[in-house]
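Structure first, commentary second.
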Amino acid sequence: MNNTLVSVVITSLDRKELLRQTLDMLERQTYPLLEVVVVHSGKDKKVPAMLRKYYPNVKLIKLPHQVPDSPARNIGVANINGELILFLDDDSFPGYQSITNAVEEFKRNKQLGVIAFRISMVNKFKRKKYNTKVFRNDEQEVFGFSGCGGMMRKSLFDTYGWMPENGQASMFEHTVCLWAWNLGLEVKSFNDIFVYHHWSAEGKAAELRECKSVMYAGVNVIGLFAWQYFSGKELWSRLLKWWYQCVNASIIHLDPKFILLAISFLWSVNKYPTYRGQFSKDALAKVRLTNNFKGK
């Protein structure tokens with residue numbers, strides 16, 4: 001496992017300076033066997049130009065137009081060679097020792113399918129020193145991971161194929177965990193395996209973060225994810241709670257975009273494929289606990 005190639009898949013839009021910092025910090029990792037793939041679907045031509053000039057060893061995949069996160073990561077996975085995959089955003093990067101520690105955990109525990117990197121938030125871009133973050137609990141079972149930091153075995157994709165490409169509702173993180181649970185594998189986090197994450201004030205995701213009750217309270221994303229796997233009764237219960245949150249958020253922020261977001265998701269959710277009956281009850285039971293995972 002010490003000779004294991006780790007493929008780092010980074011999805012990027014037009015955040016050039018943050019991407020530069022992520023790549024610089026990857027070069028300083030203690031684990032030497034890294035393959036870095038950047039899937040760029042933004043409009044800024046300076047981003048691919050920067051990669052070609054300053055990071056010639058990075059594999060650049062320039063898409064002709066912007067695509068959602070899940071298909072972008074699928075494209076990245078289709079172009080890797082490693083046994084382990086690390087998903088990062090263009091505004092996140094791992095602690096110096098984190099990749100080494102993660103590889104050692106996969107080596108030690110053959111039943112480990114996914115590692116959820118714990119998250120240390122960075123509020124300022126220009127910061128001279130990143131201290132090692134010590135989290136509560138050395139090791140714990142978790143019920144999901146954040147796309148800004150998660151490592152998994154490539155064999156999960158070899159077994160199940162590609163993550164659903166249904167925009168926000170695909171919830172690729174939960175899908176990958178569901179694959180692992182269905183194979184009897186574990187999803188865990190460790191206090192010495194973490195990423196630093198900038199919550200950038202750019203892009204659609206940043207707008208949604210203005211109200212945590214919309215994107216991060218749990219029932220909304222799980223409600224959309226549940227469409228593909230759970231019963232109708234459970235689905236509608238979760239979606240009604242989500243609608244309440246969207247209306248409440250719009251009133252608090254005096255902005256109707258959260259209600260419009262709910263309408264657009266519900267309008268298109270009936271087009272998404274369903275996967276009911278394809279996964280074990282034990283695996284789906286763990287998905288129901290996903291909103292217990294706080295990422296810290």
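Chain labels run A, B, ... following the order of the structure tokens; each chain numbers its residues from 1, and ligands are numbered from 1 in the order shown.
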
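Using only C-alpha atoms, the contacts of Tyr55 of chain A at a cut-off of 12 Å, with sequence neighbours closer than 3 positions omitted, comprise Leu19, Arg20, Gln21, Thr22, Leu23, Asp24, Leu26, Glu27, Val36, Val37, Val38, Val47, Pro48, Ala49, Met50, Leu51, Arg52, Val58, Lys59 and Leu60 of chain A.
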
Could you list, as a tab-separated table (two decimals) with N, CA and C atoms, in the first residue's frame, every residue within 7 Å of Val195 of chain A, counting only C-alpha atoms and ignoring same-chain residues fewer than 2 positions away?
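File result.tsv, as written:
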chain	number	residue	atom	x	y	z
A	92	SER	N	-10.12	23.69	-1.50
A	92	SER	CA	-9.80	22.88	-0.33
A	92	SER	C	-8.48	22.15	-0.57
A	93	PHE	N	-7.77	21.85	0.50
A	93	PHE	CA	-6.53	21.10	0.38
A	93	PHE	C	-6.27	20.35	1.68
A	94	PRO	N	-5.60	19.19	1.60
A	94	PRO	CA	-5.40	18.37	2.80
A	94	PRO	C	-4.24	18.86	3.66
A	95	GLY	N	-4.30	18.53	4.95
A	95	GLY	CA	-3.16	18.76	5.83
A	95	GLY	C	-1.95	17.99	5.33
A	117	PHE	N	-12.77	13.04	5.12
A	117	PHE	CA	-11.80	13.97	5.68
A	117	PHE	C	-12.54	14.98	6.55
A	118	ARG	N	-12.08	15.18	7.77
A	118	ARG	CA	-12.69	16.22	8.60
A	118	ARG	C	-12.29	17.59	8.06
A	119	ILE	N	-13.05	18.59	8.41
A	119	ILE	CA	-12.94	19.88	7.74
A	119	ILE	C	-12.56	20.98	8.73
A	120	SER	N	-11.49	21.68	8.41
A	120	SER	CA	-11.10	22.87	9.16
A	120	SER	C	-11.33	24.08	8.27
A	149	GLY	N	-13.46	16.93	0.50
A	149	GLY	CA	-12.43	16.07	1.05
A	149	GLY	C	-12.93	14.69	1.38
A	197	HIS	N	-10.61	24.18	4.24
A	197	HIS	CA	-11.62	24.52	3.23
A	197	HIS	C	-11.97	25.99	3.31

*Determine the nearest neighbour of Leu88 of chain A from the options A:Ser146, A:Ser280, A:Thr159, A:Asn191, counting only C-alpha atoms.*
A:Ser146

_Residues within 10 Å of segment 151-158 of chain A, please, as a ChimeraX atom specification. Count only C-alpha atoms; anything in the same chain fewer than 6 positions from it doesn't count._
/A:6-8,74,77-78,80-88,99,102-103,106,112-117,145,176-177,179-180,183,187

Since we have the selection now, will you write its residues out, keeping N, CA and C atoms, as an mmCIF file, in the first residue's frame?
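Here's the written file out25.cif:
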data_model
loop_
_atom_site.group_PDB
_atom_site.id
_atom_site.type_symbol
_atom_site.label_atom_id
_atom_site.label_comp_id
_atom_site.auth_asym_id
_atom_site.auth_seq_id
_atom_site.Cartn_x
_atom_site.Cartn_y
_atom_site.Cartn_z
ATOM 1 N N VAL A 6 -2.249 7.431 -5.487
ATOM 2 C CA VAL A 6 -3.462 8.145 -5.102
ATOM 3 C C VAL A 6 -3.789 9.159 -6.191
ATOM 4 N N SER A 7 -4.968 9.038 -6.755
ATOM 5 C CA SER A 7 -5.418 9.979 -7.789
ATOM 6 C C SER A 7 -6.275 11.060 -7.147
ATOM 7 N N VAL A 8 -5.836 12.300 -7.263
ATOM 8 C CA VAL A 8 -6.551 13.439 -6.696
ATOM 9 C C VAL A 8 -7.383 14.077 -7.806
ATOM 10 N N ASN A 74 -17.130 12.328 -12.396
ATOM 11 C CA ASN A 74 -17.115 11.096 -13.191
ATOM 12 C C ASN A 74 -16.086 11.181 -14.309
ATOM 13 N N VAL A 77 -12.684 10.715 -12.775
ATOM 14 C CA VAL A 77 -12.412 9.321 -12.416
ATOM 15 C C VAL A 77 -12.115 8.490 -13.664
ATOM 16 N N ALA A 78 -12.738 8.815 -14.785
ATOM 17 C CA ALA A 78 -12.511 8.080 -16.031
ATOM 18 C C ALA A 78 -11.105 8.285 -16.571
ATOM 19 N N ILE A 80 -8.137 8.482 -14.544
ATOM 20 C CA ILE A 80 -7.146 8.264 -13.496
ATOM 21 C C ILE A 80 -6.568 6.860 -13.587
ATOM 22 N N ASN A 81 -5.491 6.654 -12.838
ATOM 23 C CA ASN A 81 -4.811 5.359 -12.810
ATOM 24 C C ASN A 81 -4.632 4.815 -11.398
ATOM 25 N N GLY A 82 -5.023 5.578 -10.370
ATOM 26 C CA GLY A 82 -4.749 5.185 -8.997
ATOM 27 C C GLY A 82 -5.717 4.165 -8.435
ATOM 28 N N GLU A 83 -5.276 3.486 -7.366
ATOM 29 C CA GLU A 83 -6.124 2.554 -6.629
ATOM 30 C C GLU A 83 -7.015 3.271 -5.617
ATOM 31 N N LEU A 84 -6.582 4.446 -5.186
ATOM 32 C CA LEU A 84 -7.356 5.263 -4.258
ATOM 33 C C LEU A 84 -7.661 6.596 -4.925
ATOM 34 N N ILE A 85 -8.856 7.134 -4.650
ATOM 35 C CA ILE A 85 -9.286 8.409 -5.224
ATOM 36 C C ILE A 85 -9.512 9.406 -4.101
ATOM 37 N N LEU A 86 -8.964 10.597 -4.252
ATOM 38 C CA LEU A 86 -9.221 11.686 -3.310
ATOM 39 C C LEU A 86 -9.976 12.776 -4.045
ATOM 40 N N PHE A 87 -11.210 13.056 -3.597
ATOM 41 C CA PHE A 87 -11.984 14.159 -4.147
ATOM 42 C C PHE A 87 -11.668 15.433 -3.369
ATOM 43 N N LEU A 88 -11.327 16.502 -4.104
ATOM 44 C CA LEU A 88 -11.144 17.830 -3.521
ATOM 45 C C LEU A 88 -11.921 18.834 -4.345
ATOM 46 N N ILE A 99 -2.864 12.742 3.592
ATOM 47 C CA ILE A 99 -2.927 11.693 2.572
ATOM 48 C C ILE A 99 -2.133 10.472 3.016
ATOM 49 N N ALA A 102 -4.183 8.660 5.520
ATOM 50 C CA ALA A 102 -5.323 7.982 4.901
ATOM 51 C C ALA A 102 -4.886 6.688 4.218
ATOM 52 N N VAL A 103 -3.787 6.729 3.498
ATOM 53 C CA VAL A 103 -3.289 5.520 2.826
ATOM 54 C C VAL A 103 -2.968 4.442 3.852
ATOM 55 N N PHE A 106 -6.191 2.742 4.984
ATOM 56 C CA PHE A 106 -6.679 1.783 3.993
ATOM 57 C C PHE A 106 -5.834 0.512 4.013
ATOM 58 N N LEU A 112 -12.273 -0.982 5.079
ATOM 59 C CA LEU A 112 -12.510 0.462 4.973
ATOM 60 C C LEU A 112 -12.759 0.821 3.517
ATOM 61 N N GLY A 113 -13.922 1.401 3.238
ATOM 62 C CA GLY A 113 -14.267 1.755 1.868
ATOM 63 C C GLY A 113 -14.103 3.222 1.546
ATOM 64 N N VAL A 114 -14.429 4.098 2.527
ATOM 65 C CA VAL A 114 -14.396 5.542 2.308
ATOM 66 C C VAL A 114 -13.871 6.212 3.576
ATOM 67 N N ILE A 115 -13.036 7.221 3.406
ATOM 68 C CA ILE A 115 -12.613 8.072 4.523
ATOM 69 C C ILE A 115 -13.171 9.468 4.295
ATOM 70 N N ALA A 116 -13.946 9.941 5.260
ATOM 71 C CA ALA A 116 -14.461 11.311 5.231
ATOM 72 C C ALA A 116 -13.431 12.213 5.897
ATOM 73 N N PHE A 117 -12.773 13.041 5.117
ATOM 74 C CA PHE A 117 -11.803 13.972 5.680
ATOM 75 C C PHE A 117 -12.543 14.983 6.549
ATOM 76 N N PHE A 145 -19.718 12.055 3.527
ATOM 77 C CA PHE A 145 -18.519 12.880 3.497
ATOM 78 C C PHE A 145 -18.798 14.102 2.645
ATOM 79 N N VAL A 176 -21.655 7.273 -3.170
ATOM 80 C CA VAL A 176 -20.421 6.523 -2.972
ATOM 81 C C VAL A 176 -20.453 5.776 -1.634
ATOM 82 N N CYS A 177 -20.965 6.438 -0.587
ATOM 83 C CA CYS A 177 -21.068 5.770 0.716
ATOM 84 C C CYS A 177 -22.044 4.598 0.640
ATOM 85 N N TRP A 179 -22.663 2.756 -1.941
ATOM 86 C CA TRP A 179 -21.942 1.657 -2.592
ATOM 87 C C TRP A 179 -21.118 0.877 -1.571
ATOM 88 N N ALA A 180 -20.374 1.623 -0.741
ATOM 89 C CA ALA A 180 -19.501 0.972 0.239
ATOM 90 C C ALA A 180 -20.318 0.145 1.227
ATOM 91 N N LEU A 183 -21.576 -3.166 0.021
ATOM 92 C CA LEU A 183 -20.544 -4.193 -0.072
ATOM 93 C C LEU A 183 -20.024 -4.614 1.297
ATOM 94 N N VAL A 187 -17.392 3.361 6.400
ATOM 95 C CA VAL A 187 -17.135 4.765 6.110
ATOM 96 C C VAL A 187 -16.753 5.427 7.426
#

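Atom CA of Glu35 of chain A is found 12.7 Å from atom CA of Asn3 of chain A.
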
*Using the chain letters and numbers from this document, which residues of segment 68-190 of chain A does DSSP assign to helix (DSSP H, G or I), as a ChimeraX atom specification?*
/A:69-77,98-108,155-160,167-170,172-182

Please, could you write that set of residues out with C-alpha atoms as a PDB file, in the first residue's frame?
ATOM      1  CA  ASP A  69     -20.298  18.425  -9.813  1.00  0.00           C
ATOM      2  CA  SER A  70     -21.216  14.767 -10.229  1.00  0.00           C
ATOM      3  CA  PRO A  71     -20.571  14.425 -13.999  1.00  0.00           C
ATOM      4  CA  ALA A  72     -17.386  16.497 -13.645  1.00  0.00           C
ATOM      5  CA  ARG A  73     -16.066  14.060 -11.049  1.00  0.00           C
ATOM      6  CA  ASN A  74     -17.115  11.096 -13.191  1.00  0.00           C
ATOM      7  CA  ILE A  75     -15.052  12.514 -16.039  1.00  0.00           C
ATOM      8  CA  GLY A  76     -12.126  12.906 -13.671  1.00  0.00           C
ATOM      9  CA  VAL A  77     -12.412   9.321 -12.416  1.00  0.00           C
ATOM     10  CA  SER A  98      -3.355  13.662   5.803  1.00  0.00           C
ATOM     11  CA  ILE A  99      -2.927  11.693   2.572  1.00  0.00           C
ATOM     12  CA  THR A 100      -0.166   9.586   4.114  1.00  0.00           C
ATOM     13  CA  ASN A 101      -2.362   8.869   7.129  1.00  0.00           C
ATOM     14  CA  ALA A 102      -5.323   7.982   4.901  1.00  0.00           C
ATOM     15  CA  VAL A 103      -3.289   5.520   2.826  1.00  0.00           C
ATOM     16  CA  GLU A 104      -2.066   3.871   6.023  1.00  0.00           C
ATOM     17  CA  GLU A 105      -5.644   3.460   7.252  1.00  0.00           C
ATOM     18  CA  PHE A 106      -6.679   1.783   3.993  1.00  0.00           C
ATOM     19  CA  LYS A 107      -3.653  -0.496   4.343  1.00  0.00           C
ATOM     20  CA  ARG A 108      -4.495  -1.367   7.958  1.00  0.00           C
ATOM     21  CA  SER A 155     -12.880  -0.594  -6.750  1.00  0.00           C
ATOM     22  CA  LEU A 156     -16.203   1.031  -5.782  1.00  0.00           C
ATOM     23  CA  PHE A 157     -16.410   2.594  -9.242  1.00  0.00           C
ATOM     24  CA  ASP A 158     -15.216  -0.624 -10.848  1.00  0.00           C
ATOM     25  CA  THR A 159     -18.145  -2.407  -9.188  1.00  0.00           C
ATOM     26  CA  TYR A 160     -20.972   0.115  -9.635  1.00  0.00           C
ATOM     27  CA  GLY A 167     -27.256  17.794 -10.705  1.00  0.00           C
ATOM     28  CA  GLN A 168     -27.672  18.767  -7.052  1.00  0.00           C
ATOM     29  CA  ALA A 169     -30.108  15.927  -6.448  1.00  0.00           C
ATOM     30  CA  SER A 170     -27.572  13.240  -7.325  1.00  0.00           C
ATOM     31  CA  PHE A 172     -22.679  11.880  -5.227  1.00  0.00           C
ATOM     32  CA  GLU A 173     -21.150  11.739  -1.739  1.00  0.00           C
ATOM     33  CA  HIS A 174     -24.080   9.718  -0.401  1.00  0.00           C
ATOM     34  CA  THR A 175     -24.063   7.512  -3.481  1.00  0.00           C
ATOM     35  CA  VAL A 176     -20.421   6.523  -2.972  1.00  0.00           C
ATOM     36  CA  CYS A 177     -21.068   5.770   0.716  1.00  0.00           C
ATOM     37  CA  LEU A 178     -24.112   3.705  -0.236  1.00  0.00           C
ATOM     38  CA  TRP A 179     -21.942   1.657  -2.592  1.00  0.00           C
ATOM     39  CA  ALA A 180     -19.501   0.972   0.239  1.00  0.00           C
ATOM     40  CA  TRP A 181     -22.197  -0.006   2.747  1.00  0.00           C
ATOM     41  CA  ASN A 182     -23.856  -2.294   0.241  1.00  0.00           C
TER      42      ASN A 182
END

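Minimum distance to Leu185 of chain A across A:Met171, A:Leu33, A:Ala283, A:Leu63 (counting only C-alpha atoms) occurs at A:Ala283.
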
*Running DSSP on the backbone, which parts of segment 97-196 of chain A land in strand (DSSP E), as a PyMOL selection string?*
chain A and resi 112-116+118-122+139-141+149-153+186-190+194-196

Would you mind exporting the chosen residues as a JSON list (two decimals), in the first residue's frame, restricted to C-alpha atoms?
[["chain", "number", "residue", "atom", "x", "y", "z"],
["A", 112, "LEU", "CA", -12.51, 0.46, 4.97],
["A", 113, "GLY", "CA", -14.27, 1.76, 1.87],
["A", 114, "VAL", "CA", -14.40, 5.54, 2.31],
["A", 115, "ILE", "CA", -12.61, 8.07, 4.52],
["A", 116, "ALA", "CA", -14.46, 11.31, 5.23],
["A", 118, "ARG", "CA", -12.69, 16.22, 8.60],
["A", 119, "ILE", "CA", -12.94, 19.88, 7.74],
["A", 120, "SER", "CA", -11.10, 22.87, 9.16],
["A", 121, "MET", "CA", -12.62, 26.08, 7.85],
["A", 122, "VAL", "CA", -10.32, 28.83, 6.60],
["A", 139, "GLU", "CA", -11.81, 7.47, 14.87],
["A", 140, "GLN", "CA", -15.53, 7.26, 14.28],
["A", 141, "GLU", "CA", -18.07, 5.82, 11.90],
["A", 149, "GLY", "CA", -12.43, 16.07, 1.05],
["A", 150, "GLY", "CA", -13.13, 12.36, 0.73],
["A", 151, "MET", "CA", -10.98, 9.36, -0.19],
["A", 152, "MET", "CA", -12.35, 6.05, -1.47],
["A", 153, "ARG", "CA", -11.27, 2.86, -3.15],
["A", 186, "GLU", "CA", -16.99, 0.99, 6.38],
["A", 187, "VAL", "CA", -17.13, 4.76, 6.11],
["A", 188, "LYS", "CA", -15.04, 6.47, 8.78],
["A", 189, "SER", "CA", -13.32, 9.71, 9.75],
["A", 190, "PHE", "CA", -10.09, 10.21, 11.70],
["A", 194, "PHE", "CA", -8.54, 16.48, 7.35],
["A", 195, "VAL", "CA", -8.75, 19.26, 4.79],
["A", 196, "TYR", "CA", -8.65, 23.02, 5.03]]

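You will find atom CA of Ile61 of chain A at 11.2 Å from atom CA of Gly42 of chain A.
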
*Enter the distance from atom CA of Leu284 of chain A to atom CA of Phe143 of chain A, in Å, rounded to one decimal.*
10.6 Å
